[in-house]
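Participant: My structure file run-v2.txt, compact mmCIF, C-alpha atoms, is below:
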# COMPACT_ATOMS: atom_id res chain seq x y z
CA MET Q 1 207.96 71.47 138.41
CA LEU Q 2 208.27 70.65 134.74
CA THR Q 3 204.51 70.51 134.49
CA ALA Q 4 204.23 74.00 135.94
CA HIS Q 5 206.93 75.25 133.57
CA GLY Q 6 205.11 73.66 130.65
CA ALA Q 7 201.81 75.19 131.67
CA GLY Q 8 203.34 78.60 132.26
CA ASP Q 9 201.96 78.49 135.80
CA HIS Q 10 204.47 80.84 137.33
CA MET Q 11 202.72 81.23 140.68
CA GLN Q 12 202.93 77.49 141.09
CA LEU Q 13 206.63 77.74 140.26
CA VAL Q 14 207.08 80.26 143.07
CA HIS Q 15 205.68 77.73 145.52
CA LEU Q 16 207.56 74.73 144.12
CA TYR Q 17 210.92 76.48 143.98
CA THR Q 18 210.37 77.82 147.49
CA GLN Q 19 209.65 74.30 148.73
CA ALA Q 20 212.81 73.03 147.07
CA ALA Q 21 214.80 75.84 148.64
CA ASP Q 22 213.33 75.10 152.06
CA MET Q 23 214.35 71.46 151.80
CA ARG Q 24 217.91 72.28 150.76
CA GLU Q 25 218.20 74.92 153.42
CA ALA Q 26 217.07 72.43 156.06
CA ALA Q 27 219.75 70.07 154.80
CA GLY Q 28 222.35 72.80 155.20
CA GLU Q 29 222.96 73.10 151.47
CA VAL Q 30 223.08 76.86 151.19
CA ASP Q 31 224.23 77.07 147.57
CA ALA Q 32 221.49 74.77 146.37
CA ALA Q 33 218.94 76.57 148.52
CA CYS Q 34 219.95 79.93 147.03
CA PHE Q 35 219.71 78.50 143.53
CA PHE Q 36 216.07 77.58 144.13
CA LEU Q 37 215.37 80.76 146.08
CA THR Q 38 216.61 82.72 143.08
CA HIS Q 39 214.11 81.02 140.80
CA ALA Q 40 211.27 81.45 143.26
CA TYR Q 41 212.20 85.11 143.64
CA VAL Q 42 212.37 85.79 139.90
CA PHE Q 43 208.98 84.24 139.21
CA ALA Q 44 207.44 86.08 142.17
CA LEU Q 45 208.99 89.32 140.99
CA GLU Q 46 207.69 88.78 137.46
CA GLN Q 47 204.13 88.58 138.69
CA GLY Q 48 204.34 91.25 141.33
CA ALA Q 49 203.59 88.59 143.94
CA GLU Q 50 204.00 89.61 147.58
CA GLU Q 51 206.22 86.58 148.17
CA ALA Q 52 208.99 88.43 146.36
CA VAL Q 53 209.71 90.57 149.42
CA ALA Q 54 210.43 87.65 151.74
CA LEU Q 55 212.33 85.73 149.07
CA ASN Q 56 214.52 88.74 148.38
CA LYS Q 57 215.25 89.07 152.09
CA ARG Q 58 216.27 85.44 152.35
CA LEU Q 59 218.70 85.84 149.48
CA ALA Q 60 219.99 89.12 150.85
CA ASP Q 61 220.57 87.51 154.27
CA TYR Q 62 222.86 85.01 152.58
CA GLY Q 63 224.60 87.83 150.74
CA ARG Q 64 223.25 86.59 147.42
CA ALA Q 65 221.15 89.60 146.40
CA GLU Q 66 220.75 93.25 147.22
CA LEU Q 67 217.98 93.91 149.69
CA ILE Q 68 215.19 95.65 147.81
CA SER Q 69 213.41 97.98 150.19
CA MET U 1 228.66 117.68 93.36
CA ASN U 2 226.53 118.13 96.42
CA LYS U 3 224.90 114.80 97.36
CA HIS U 4 221.47 116.41 97.45
CA GLU U 5 221.87 118.71 94.49
CA HIS U 6 218.91 116.95 92.90
CA LEU U 7 216.66 118.27 95.67
CA SER U 8 217.25 121.92 94.78
CA SER U 9 214.25 121.91 92.46
CA VAL U 10 212.05 120.59 95.29
CA LEU U 11 213.13 123.47 97.52
CA GLN U 12 211.83 126.14 95.13
CA SER U 13 208.42 127.73 95.49
CA VAL U 14 205.42 125.61 94.62
CA ASN U 15 204.95 127.57 91.39
CA THR U 16 208.18 126.30 89.89
CA ALA U 17 209.19 123.33 92.03
CA ASN U 18 209.31 119.70 91.07
CA GLY U 19 208.28 116.95 93.42
CA LEU U 20 210.69 114.56 95.06
CA PRO U 21 212.47 112.40 92.47
CA ASN U 22 211.51 108.78 91.87
CA ALA U 23 214.36 107.43 93.97
CA HIS U 24 212.62 108.74 97.08
CA TYR U 25 209.83 106.27 96.46
CA ILE U 26 211.47 103.25 94.87
CA ASP U 27 215.15 103.14 95.86
CA PRO U 28 215.86 101.05 99.00
CA ASP U 29 219.03 103.05 99.66
CA VAL U 30 217.09 106.31 99.76
CA PHE U 31 214.48 104.61 101.94
CA GLU U 32 217.26 103.81 104.41
CA GLU U 33 218.53 107.37 104.25
CA GLU U 34 215.04 108.74 104.94
CA LYS U 35 214.58 106.23 107.74
CA ALA U 36 217.45 107.91 109.57
CA ALA U 37 217.02 111.52 108.46
CA VAL U 38 213.24 111.76 108.38
CA LEU U 39 211.63 109.05 110.50
CA PHE U 40 214.19 108.45 113.27
CA ALA U 41 215.34 112.06 113.49
CA ASN U 42 211.85 113.49 114.03
CA TRP U 43 208.79 112.60 116.10
CA SER U 44 207.18 109.64 114.35
CA GLY U 45 203.97 107.89 115.31
CA ILE U 46 204.32 104.24 116.29
CA GLY U 47 201.03 103.39 118.00
CA PHE U 48 198.16 104.49 120.20
CA GLY U 49 197.67 104.88 123.91
CA LYS U 50 194.42 102.96 123.67
CA ASP U 51 196.46 99.82 122.93
CA VAL U 52 198.02 99.94 126.41
CA PRO U 53 195.05 101.14 128.46
CA GLU U 54 196.00 99.75 131.86
CA VAL U 55 199.05 99.84 134.12
CA GLY U 56 201.37 97.00 133.15
CA ASP U 57 200.13 96.68 129.58
CA ALA U 58 203.06 96.10 127.26
CA MET U 59 203.05 96.06 123.47
CA PRO U 60 206.06 95.37 121.25
CA VAL U 61 206.40 97.38 118.05
CA ASP U 62 208.78 96.81 115.17
CA PHE U 63 209.42 100.29 113.83
CA LEU U 64 211.44 100.01 110.64
CA GLY U 65 213.35 97.10 112.12
CA MET U 66 213.90 98.85 115.44
CA PRO U 67 212.40 96.73 118.23
CA LEU U 68 210.48 98.99 120.61
CA LEU U 69 208.38 98.23 123.66
CA ILE U 70 205.47 100.43 124.67
CA VAL U 71 204.41 100.11 128.31
CA ARG U 72 201.91 101.79 130.61
CA ASN U 73 203.93 102.38 133.78
CA LYS U 74 202.80 102.53 137.40
CA GLN U 75 202.14 106.24 137.11
CA GLY U 76 199.73 105.50 134.29
CA GLU U 77 202.02 107.11 131.73
CA VAL U 78 203.16 105.67 128.43
CA ALA U 79 206.86 104.87 128.21
CA VAL U 80 208.81 103.45 125.29
CA PHE U 81 211.98 101.38 125.56
CA GLN U 82 214.24 99.56 123.19
CA ASN U 83 212.82 96.05 123.41
CA THR U 84 216.23 94.48 123.89
CA CYS U 85 217.73 92.92 127.01
CA ARG U 86 220.94 94.62 128.16
CA HIS U 87 222.50 91.19 128.75
CA ARG U 88 222.53 89.17 125.53
CA GLY U 89 220.35 91.31 123.33
CA MET U 90 217.32 89.08 123.49
CA ILE U 91 213.93 90.49 122.53
CA LEU U 92 212.16 90.99 125.84
CA VAL U 93 208.48 90.95 124.86
CA ASP U 94 207.37 89.38 121.59
CA LYS U 95 203.63 89.87 121.83
CA PRO U 96 201.24 92.14 123.74
CA LYS U 97 200.96 91.10 127.38
CA LYS U 98 200.17 92.27 130.88
CA ILE U 99 203.22 92.81 133.07
CA GLY U 100 202.18 92.01 136.63
CA GLY U 101 205.49 92.87 138.27
CA VAL U 102 208.58 93.14 136.13
CA ILE U 103 209.62 92.51 132.54
CA ARG U 104 211.50 89.20 132.64
CA CYS U 105 213.81 88.35 129.80
CA PRO U 106 212.86 84.86 128.60
CA TYR U 107 216.51 83.93 128.05
CA HIS U 108 218.41 84.30 131.37
CA SER U 109 215.62 86.02 133.33
CA TRP U 110 217.18 89.40 133.86
CA CYS U 111 214.26 91.45 135.17
CA TYR U 112 213.34 95.09 134.53
CA ALA U 113 210.84 97.29 136.32
CA LEU U 114 208.20 99.14 134.30
CA ASN U 115 210.34 102.26 134.64
CA GLY U 116 213.16 100.42 132.88
CA ASP U 117 215.37 99.89 135.94
CA LEU U 118 217.26 96.61 136.01
CA HIS U 119 215.81 94.83 139.00
CA ALA U 120 217.30 91.35 139.13
CA THR U 121 220.26 89.53 137.56
CA PRO U 122 219.77 85.89 138.58
CA HIS U 123 222.94 83.80 138.86
CA VAL U 124 225.02 86.65 137.43
CA GLY U 125 227.76 85.90 139.97
CA GLY U 126 227.39 82.12 139.62
CA PRO U 127 224.61 79.71 140.62
CA GLY U 128 222.54 81.23 143.41
CA HIS U 129 224.69 84.40 143.43
CA ASN U 130 222.62 87.26 142.06
CA MET U 131 225.22 90.02 142.23
CA HIS U 132 228.68 90.58 140.84
CA GLU U 133 231.09 93.32 141.74
CA ASP U 134 231.47 94.36 138.12
CA ILE U 135 227.79 94.40 137.25
CA TYR U 136 226.14 97.68 138.18
CA LYS U 137 222.39 97.47 137.83
CA SER U 138 222.13 101.24 137.72
CA ASP U 139 224.09 101.24 134.46
CA LEU U 140 222.06 98.56 132.78
CA GLY U 141 218.46 99.69 132.73
CA LEU U 142 216.42 99.46 129.58
CA LEU U 143 217.27 102.10 127.02
CA ARG U 144 214.48 104.62 126.95
CA ILE U 145 213.27 106.05 123.67
CA ARG U 146 211.95 109.61 123.85
CA SER U 147 208.19 109.53 123.56
CA TYR U 148 205.23 111.88 123.69
CA VAL U 149 201.52 111.18 123.53
CA TRP U 150 199.30 113.64 121.72
CA ARG U 151 195.71 112.96 120.73
CA ASP U 152 196.34 109.36 121.85
CA VAL U 153 199.09 108.88 119.26
CA ILE U 154 202.41 107.67 120.67
CA PHE U 155 205.21 109.59 119.01
CA VAL U 156 208.89 108.64 119.38
CA ASN U 157 212.13 110.34 118.48
CA VAL U 158 214.41 107.38 117.96
CA ASP U 159 217.70 109.22 117.50
CA GLY U 160 217.07 111.38 120.55
CA GLN U 161 218.23 114.57 118.84
CA ALA U 162 214.96 116.31 117.95
CA LEU U 163 213.73 119.36 119.80
CA GLU U 164 210.97 118.70 122.34
CA PHE U 165 207.69 117.60 120.76
CA GLU U 166 205.84 120.55 122.25
CA GLU U 167 208.39 122.88 120.72
CA VAL U 168 208.41 121.29 117.28
CA HIS U 169 204.62 121.19 117.09
CA ALA U 170 203.79 124.28 119.13
CA ASP U 171 201.98 126.03 116.27
CA LEU U 172 199.84 123.05 115.40
CA MET U 173 198.99 122.38 119.04
CA ALA U 174 197.98 126.03 119.40
CA ARG U 175 195.91 125.85 116.22
CA TRP U 176 193.94 122.96 117.66
CA ALA U 177 194.01 124.09 121.29
CA GLU U 178 190.22 123.90 121.43
CA PHE U 179 190.48 120.17 120.90
CA GLU U 180 192.74 119.63 123.92
CA VAL U 181 190.04 117.65 125.65
CA PRO U 182 189.89 113.93 126.44
CA VAL U 183 189.23 111.70 123.45
CA HIS U 184 187.65 108.28 123.79
CA HIS U 185 188.40 105.52 121.36
CA GLY U 186 185.26 104.08 119.79
CA GLY U 187 186.17 100.45 120.46
CA PRO U 188 187.03 97.55 118.16
CA GLU U 189 184.67 98.65 115.40
CA SER U 190 186.45 102.01 115.30
CA SER U 191 189.81 100.48 114.53
CA PHE U 192 190.97 99.19 111.18
CA LYS U 193 194.08 98.96 109.10
CA LEU U 194 194.83 99.02 105.41
CA GLU U 195 197.84 97.39 103.80
CA VAL U 196 198.87 99.43 100.82
CA ALA U 197 201.53 98.84 98.16
CA THR U 198 203.00 102.30 98.32
CA ASN U 199 205.77 104.33 99.83
CA TRP U 200 204.48 105.94 103.03
CA LYS U 201 205.04 109.47 101.73
CA LEU U 202 202.45 109.08 99.00
CA ALA U 203 199.82 108.41 101.64
CA VAL U 204 200.83 111.67 103.33
CA GLU U 205 200.73 113.58 100.07
CA ASN U 206 197.29 112.34 99.13
CA TYR U 207 195.96 113.14 102.58
CA CYS U 208 197.28 116.70 102.51
CA GLU U 209 195.36 117.94 99.51
CA SER U 210 191.71 118.43 98.61
CA TYR U 211 192.40 118.68 94.86
CA HIS U 212 191.54 115.01 94.33
CA LEU U 213 188.33 114.95 96.33
CA PRO U 214 185.76 115.49 93.54
CA TRP U 215 187.43 112.86 91.36
CA VAL U 216 188.33 110.17 93.84
CA HIS U 217 185.53 110.71 96.37
CA PRO U 218 182.58 111.70 94.15
CA GLY U 219 180.19 111.00 97.00
CA LEU U 220 181.41 114.21 98.61
CA ASN U 221 180.33 116.39 95.69
CA SER U 222 176.72 116.57 96.79
CA TYR U 223 177.53 118.48 99.97
CA SER U 224 181.24 119.13 100.14
CA ARG U 225 182.43 120.85 97.01
CA LEU U 226 186.03 121.56 96.16
CA GLU U 227 185.51 125.26 96.74
CA ASP U 228 184.36 124.54 100.28
CA HIS U 229 187.89 123.43 101.14
CA TYR U 230 191.02 125.40 101.93
CA ASN U 231 194.72 124.64 102.01
CA ILE U 232 196.64 124.48 105.26
CA GLU U 233 200.37 124.96 104.90
CA GLU U 234 202.97 126.18 107.34
CA LEU U 235 206.41 126.01 105.79
CA GLY U 236 208.69 123.68 107.70
CA LYS U 237 205.94 122.63 110.08
CA TYR U 238 202.78 120.95 108.85
CA SER U 239 200.21 120.91 106.09
CA GLY U 240 196.78 119.61 105.24
CA GLN U 241 193.34 120.76 104.27
CA GLY U 242 190.21 122.12 105.86
CA THR U 243 186.53 122.16 105.02
CA LEU U 244 183.87 124.75 105.72
CA VAL U 245 180.92 122.40 105.31
CA TYR U 246 181.45 119.53 107.71
CA ARG U 247 178.16 117.70 108.11
CA GLN U 248 177.45 115.58 111.14
CA LEU U 249 176.45 111.99 110.66
CA LYS U 250 172.93 111.16 111.78
CA GLY U 251 171.43 107.82 112.75
CA GLU U 252 168.10 106.54 111.56
CA GLY U 253 166.43 108.10 114.57
CA GLY U 254 168.22 111.40 114.07
CA GLU U 255 170.76 110.67 116.80
CA MET U 256 174.18 112.28 116.53
CA PHE U 257 177.46 112.06 118.37
CA PRO U 258 177.88 114.58 121.19
CA ASP U 259 180.28 117.43 120.50
CA PHE U 260 183.65 117.93 122.11
CA GLU U 261 183.08 120.49 124.83
CA GLY U 262 183.98 124.14 124.51
CA LEU U 263 184.42 124.44 120.76
CA SER U 264 183.95 127.82 119.12
CA GLU U 265 181.53 128.50 116.25
CA LYS U 266 184.33 127.95 113.75
CA TRP U 267 183.88 124.24 114.23
CA ASP U 268 180.11 124.15 113.77
CA GLU U 269 180.70 123.32 110.13
CA GLY U 270 184.47 123.42 110.04
CA ALA U 271 186.85 120.49 110.13
CA GLU U 272 190.56 120.11 109.50
CA TYR U 273 192.80 117.30 108.33
CA ILE U 274 196.48 117.79 108.96
CA THR U 275 199.64 115.70 108.73
CA VAL U 276 201.89 115.80 111.76
CA TYR U 277 205.16 115.33 109.90
CA PRO U 278 206.40 112.83 109.19
CA ASN U 279 203.84 110.03 109.37
CA VAL U 280 200.74 110.84 111.42
CA LEU U 281 197.51 111.98 109.81
CA LEU U 282 195.00 113.63 112.12
CA GLY U 283 191.46 114.84 111.60
CA VAL U 284 189.33 116.94 113.93
CA GLN U 285 185.60 117.60 113.70
CA ARG U 286 183.08 118.84 116.21
CA ASP U 287 181.84 115.38 117.17
CA HIS U 288 184.64 112.95 116.43
CA ALA U 289 188.27 112.77 115.46
CA PHE U 290 190.60 110.29 113.90
CA ALA U 291 194.25 109.43 113.91
CA ILE U 292 196.16 107.48 111.30
CA VAL U 293 199.66 106.18 111.86
CA LEU U 294 201.45 105.29 108.65
CA GLU U 295 203.71 102.35 109.32
CA PRO U 296 206.43 102.18 106.65
CA LYS U 297 206.97 98.44 106.29
CA ALA U 298 209.33 98.73 103.34
CA CYS U 299 210.19 101.14 100.57
CA GLU U 300 207.00 100.28 98.65
CA GLN U 301 204.82 98.88 101.43
CA THR U 302 202.85 100.77 104.06
CA VAL U 303 200.26 99.87 106.68
CA GLU U 304 197.72 102.53 107.58
CA HIS U 305 196.51 102.15 111.17
CA ILE U 306 193.25 104.07 111.48
CA GLU U 307 191.51 104.85 114.78
CA LEU U 308 188.34 106.83 115.48
CA TYR U 309 187.75 108.82 118.67
CA TYR U 310 184.73 110.47 120.25
CA ALA U 311 183.89 113.03 122.91
CA GLN U 312 182.26 110.45 125.14
CA SER U 313 183.19 106.86 125.81
CA SER U 314 181.40 103.85 124.34
CA GLU U 315 180.48 102.80 127.85
CA ASP U 316 178.71 106.12 128.47
CA THR U 317 176.92 106.13 125.12
CA PRO U 318 175.84 102.55 124.32
CA GLU U 319 172.88 103.94 122.39
CA LEU U 320 175.34 105.24 119.78
CA ALA U 321 176.98 101.88 119.08
CA ASP U 322 175.27 101.49 115.70
CA LEU U 323 176.16 105.03 114.73
CA ARG U 324 179.82 104.39 115.57
CA VAL U 325 179.76 101.35 113.31
CA LYS U 326 178.13 103.38 110.53
CA ASN U 327 180.70 106.13 110.93
CA ALA U 328 183.60 103.69 110.79
CA GLU U 329 182.16 102.10 107.66
CA GLN U 330 181.77 105.50 106.04
CA TRP U 331 185.36 106.47 106.76
CA LYS U 332 186.62 103.11 105.63
CA VAL U 333 184.99 103.66 102.25
CA VAL U 334 186.73 107.01 101.93
CA PHE U 335 190.14 105.65 102.88
CA GLU U 336 189.73 102.63 100.63
CA GLU U 337 188.85 104.92 97.74
CA ASP U 338 192.32 106.41 98.11
CA ILE U 339 194.16 103.09 97.78
CA PHE U 340 194.20 102.93 93.99
CA VAL U 341 195.58 106.46 93.93
CA VAL U 342 198.52 105.93 96.23
CA GLU U 343 199.28 102.55 94.68
CA GLY U 344 198.95 104.04 91.21
CA MET U 345 201.34 106.88 92.03
CA GLN U 346 203.76 104.30 93.39
CA LYS U 347 203.66 102.35 90.14
CA GLY U 348 204.01 105.57 88.19
CA ARG U 349 207.26 106.34 89.95
CA HIS U 350 208.89 103.41 88.22
CA GLY U 351 208.54 105.48 85.05
CA ALA U 352 212.19 106.31 84.53
CA TYR U 353 211.48 109.64 82.88
CA PHE U 354 209.13 111.02 85.54
CA ASP U 355 210.79 114.12 86.97
CA GLY U 356 208.96 114.37 90.28
CA GLY U 357 206.07 116.15 88.63
CA ARG U 358 204.87 119.75 88.63
CA PHE U 359 202.48 121.07 91.20
CA SER U 360 199.33 123.08 90.79
CA PRO U 361 200.38 126.39 92.34
CA ALA U 362 196.81 126.90 93.52
CA MET U 363 195.93 123.45 94.75
CA ASP U 364 199.11 121.56 95.65
CA GLY U 365 200.66 123.85 98.23
CA PRO U 366 200.13 121.43 101.13
CA THR U 367 201.74 118.58 99.18
CA HIS U 368 204.68 120.69 98.12
CA ASN U 369 205.02 121.84 101.73
CA PHE U 370 205.59 118.21 102.72
CA HIS U 371 208.09 117.61 99.90
CA HIS U 372 209.94 120.75 100.95
CA TRP U 373 210.07 119.54 104.54
CA VAL U 374 211.38 116.09 103.58
CA ALA U 375 214.03 117.61 101.33
CA THR U 376 215.03 119.94 104.15
CA GLN U 377 215.49 117.04 106.57
CA LEU U 378 217.84 115.42 104.09
CA THR U 379 219.84 118.47 103.13
CA ASN U 380 220.18 119.59 106.75
CA ARG U 381 222.25 116.50 107.52
CA GLU U 382 224.98 117.29 105.03
For the file at hand, write its structure as structure tokens.

Facilitator:
Amino acid sequence: MLTAHGAGDHMQLVHLYTQAADMREAAGEVDAACFFLTHAYVFALEQGAEEAVALNKRLADYGRAELIS
Amino acid sequence: MNKHEHLSSVLQSVNTANGLPNAHYIDPDVFEEEKAAVLFANWSGIGFGKDVPEVGDAMPVDFLGMPLLIVRNKQGEVAVFQNTCRHRGMILVDKPKKIGGVIRCPYHSWCYALNGDLHATPHVGGPGHNMHEDIYKSDLGLLRIRSYVWRDVIFVNVDGQALEFEEVHADLMARWAEFEVPVHHGGPESSFKLEVATNWKLAVENYCESYHLPWVHPGLNSYSRLEDHYNIEELGKYSGQGTLVYRQLKGEGGEMFPDFEGLSEKWDEGAEYITVYPNVLLGVQRDHAFAIVLEPKACEQTVEHIELYYAQSSEDTPELADLRVKNAEQWKVVFEEDIFVVEGMQKGRHGAYFDGGRFSPAMDGPTHNFHHWVATQLTNRE
């Protein structure tokens, strides 16, 4: 993750933060999962990546973000 | 005593008026006053549409210390925002870049859409909580600066109080209505800038008048005599000069630039060079045009951003590439010939006994017109 940050590879960050969120979610750690989902969402949003839609919905389902239609 | 009593002599007719006093060129306090009353209160040029050609292109501009952000939005239109995050005041974009989705503040990652709407506020309600009941995104979009694009120049009215651009410049736009056709920038070789040790107004004043041409640009004498020029002056609006003997540039094989479509006979040998007050110098000719944005860097420091435009794009006329280079070189010579004049006038204004100077009633009308306009902007704010 630090390597991707250092390289400015924000698409890679979307994937890495999503993976981290998935792992925390599977472990039932909702707060930690939403922390990582937030980062994945922001980097996806920044690049106009289609992943942003699903990431936003996941956050919205937890009540952590407004659902962007 | 009235604060601007000293401007009363500027506001007389050209026959008896004096020019703006020295302080308007060398005093940092007056520079600050004019920044507010002249440059921020009117429609000033800050850049060119060609610098943000595609959707998502973003270019930061420091305009007299004011951080601005020019973007090409999803509708393909130019928009200008204050380049400052609504959260902690961080500069959002510090160098030209392509915005793929949103503008993300590099500090806490608040995100803004290309239309300025605040889109995301990560962790604003605590870690992983991206909302807070007291944070209304609809209230916290980027602050939009009024902008208008004319002849590819991006104009802004920073203080937001000016009349609409099309109202302020209606007469000039009507005068040049025939040139309301697409213009195509000539590419990198048609773009250059000059850093000049002068107050920005002296560059305007030199541009407005033809009086200096035979002395400063002697190369023009062979085909473009002083008597072939005329003054352009509309009190309170704009000023400049025109020529009746514009001669098209020809390449070695006799090739010439294609004309802008639909021009009347007036422009066969006519051309005009007008200042869009306060700081944009425009020129129109049958086969190419130019735009100069004067960037006031400091009281005695100005950058001239010069761009050349044609009736057809470089992509459509690759055979004219050499001619475009030749044309740019020719113009650069002319503009460089003016540097010693504007820098010399700047130095001369440190002469404590200079009284603003007297104008030639016959030749200096366009320059006086500009002085009169500047003085009016200042006195109107009392």

Participant: Once you count all atoms listed in the file, which residues of chain U turn out to be within 8 Å of chain Q? Could you give them as a list in words?

Facilitator: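 Here they are: Ile99, Gly100, Gly101, Val102, Ile103, Arg104, Ser109, Cys111, Ala120, Pro122, His123, Pro127, Gly128, His129, Asn130 and Met131 of chain U.
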
Participant: Residues as selected, C-alpha atoms, written as a PDB file, in the frame of the given file, can you do that?

Facilitator:
ATOM      1  CA  ILE U  99     203.220  92.810 133.070  1.00  0.00           C
ATOM      2  CA  GLY U 100     202.180  92.010 136.630  1.00  0.00           C
ATOM      3  CA  GLY U 101     205.490  92.870 138.270  1.00  0.00           C
ATOM      4  CA  VAL U 102     208.580  93.140 136.130  1.00  0.00           C
ATOM      5  CA  ILE U 103     209.620  92.510 132.540  1.00  0.00           C
ATOM      6  CA  ARG U 104     211.500  89.200 132.640  1.00  0.00           C
ATOM      7  CA  SER U 109     215.620  86.020 133.330  1.00  0.00           C
ATOM      8  CA  CYS U 111     214.260  91.450 135.170  1.00  0.00           C
ATOM      9  CA  ALA U 120     217.300  91.350 139.130  1.00  0.00           C
ATOM     10  CA  PRO U 122     219.770  85.890 138.580  1.00  0.00           C
ATOM     11  CA  HIS U 123     222.940  83.800 138.860  1.00  0.00           C
ATOM     12  CA  PRO U 127     224.610  79.710 140.620  1.00  0.00           C
ATOM     13  CA  GLY U 128     222.540  81.230 143.410  1.00  0.00           C
ATOM     14  CA  HIS U 129     224.690  84.400 143.430  1.00  0.00           C
ATOM     15  CA  ASN U 130     222.620  87.260 142.060  1.00  0.00           C
ATOM     16  CA  MET U 131     225.220  90.020 142.230  1.00  0.00           C
TER      17      MET U 131
END

Participant: Which one is closest to Arg144 (chain U): U:Gly160, U:Gly348, U:Gly126, U:Gly254? Count only C-alpha atoms.

Facilitator: U:Gly160

Participant: Please check which residues have atoms at most 10 Å from (213.7, 98.1, 131.5) in the file's coordinates, counting all atoms listed in the file, and write them as a list of chain:residue names.

Facilitator: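 Looking at atoms near the point gives U:Leu69, U:Val80, U:Phe81, U:Gln82, U:Asn83, U:Thr84, U:Cys85, U:Arg86, U:Leu92, U:Val102, U:Ile103, U:Arg104, U:Cys105, U:Trp110, U:Cys111, U:Tyr112, U:Ala113, U:Leu114, U:Asn115, U:Gly116, U:Asp117, U:Leu118, U:His119, U:Leu140, U:Gly141, U:Leu142, U:Leu143, U:Arg144.
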
Participant: Up to 12 Å from (207.8, 110.2, 117.0) in the file's coordinates: name the residues, counting all atoms listed in the file, as an MDAnalysis selection string.

Facilitator: chainID U and resid 38:48 63 80 145:150 153:166 168:169 276:280 293:295

Participant: Could you list, as an MDAnalysis selection string, every residue within 12 Å of region 235-238 of chain U, counting all atoms listed in the file and ignoring same-chain residues fewer than 4 positions away?

Facilitator: chainID U and resid 11:14 42 165 167:173 175 204:205 208 231 273:282 365:377

Participant: What does the distance from CA of Glu33 (chain U) to CA of Val10 (chain U) come to in Å, to one decimal?

Facilitator: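 That distance, rounded to one decimal, is 17.2 Å.
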
Participant: Name the closest residue to His184 (chain U) among the candidates U:Tyr310, U:Phe31, U:Tyr25, U:Phe340; distances are taken between atoms, counting only C-alpha atoms.

Facilitator: U:Tyr310

Participant: Give me, as number ranges by chain, all polymer residues having an atom no more than 12 Å from Ala4 (chain Q), counting all atoms listed in the file and skipping those fewer than 2 positions away in the same chain.

Facilitator: Q: 1-2, 6-17, 43

Participant: Dump C-alpha atoms for the selected residues as a JSON list (two decimals), keeping the file's coordinate frame?

Facilitator:
[["chain", "number", "residue", "atom", "x", "y", "z"],
["Q", 1, "MET", "CA", 207.96, 71.47, 138.41],
["Q", 2, "LEU", "CA", 208.27, 70.65, 134.74],
["Q", 6, "GLY", "CA", 205.11, 73.66, 130.65],
["Q", 7, "ALA", "CA", 201.81, 75.19, 131.67],
["Q", 8, "GLY", "CA", 203.34, 78.60, 132.26],
["Q", 9, "ASP", "CA", 201.96, 78.49, 135.80],
["Q", 10, "HIS", "CA", 204.47, 80.84, 137.33],
["Q", 11, "MET", "CA", 202.72, 81.23, 140.68],
["Q", 12, "GLN", "CA", 202.93, 77.49, 141.09],
["Q", 13, "LEU", "CA", 206.63, 77.74, 140.26],
["Q", 14, "VAL", "CA", 207.08, 80.26, 143.07],
["Q", 15, "HIS", "CA", 205.68, 77.73, 145.52],
["Q", 16, "LEU", "CA", 207.56, 74.73, 144.12],
["Q", 17, "TYR", "CA", 210.92, 76.48, 143.98],
["Q", 43, "PHE", "CA", 208.98, 84.24, 139.21]]

Participant: Pick out the closest residue to Leu323 (chain U) from this set: U:His288, U:Lys98, U:Lys50, U:His229. Count all atoms listed in the file.

Facilitator: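 Nearest to Leu323 (chain U): U:His288.
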
Participant: To one decimal place in Å, what is the distance between CA of Ser8 (chain U) and CA of Ile26 (chain U)?

Facilitator: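 Computing the Euclidean distance for CA of Ser8 (chain U) and CA of Ile26 (chain U) yields 19.5 Å.
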
Participant: Can you tell me how far CA of Arg58 (chain Q) sits from CA of Lys74 (chain U), in Å to one decimal?

Facilitator: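 Calculated distance between CA of Arg58 (chain Q) and CA of Lys74 (chain U) is 26.4 Å.
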
Participant: Counting all atoms listed in the file, which residue out of U:Met59, U:Val284, U:Val196, U:Val325 sits closest to Glu178 (chain U)?

Facilitator: U:Val284

Participant: Could N, CA and C atoms be built for region 341-346 of chain U and written out as a compact mmCIF listing (two decimals), in the frame of the given file?

Facilitator:
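The resulting file, out-v3.txt, is reproduced below:
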# COMPACT_ATOMS: atom_id res chain seq x y z
N VAL U 341 194.81 105.26 94.25
CA VAL U 341 195.58 106.46 93.93
C VAL U 341 197.01 106.34 94.43
N VAL U 342 197.15 105.98 95.69
CA VAL U 342 198.52 105.93 96.23
C VAL U 342 199.30 104.76 95.64
N GLU U 343 198.59 103.67 95.34
CA GLU U 343 199.28 102.55 94.68
C GLU U 343 199.60 102.89 93.23
N GLY U 344 198.71 103.64 92.60
CA GLY U 344 198.95 104.04 91.21
C GLY U 344 200.12 105.01 91.10
N MET U 345 200.20 105.96 92.04
CA MET U 345 201.34 106.88 92.03
C MET U 345 202.64 106.12 92.28
N GLN U 346 202.56 105.10 93.13
CA GLN U 346 203.76 104.30 93.39
C GLN U 346 204.23 103.61 92.11
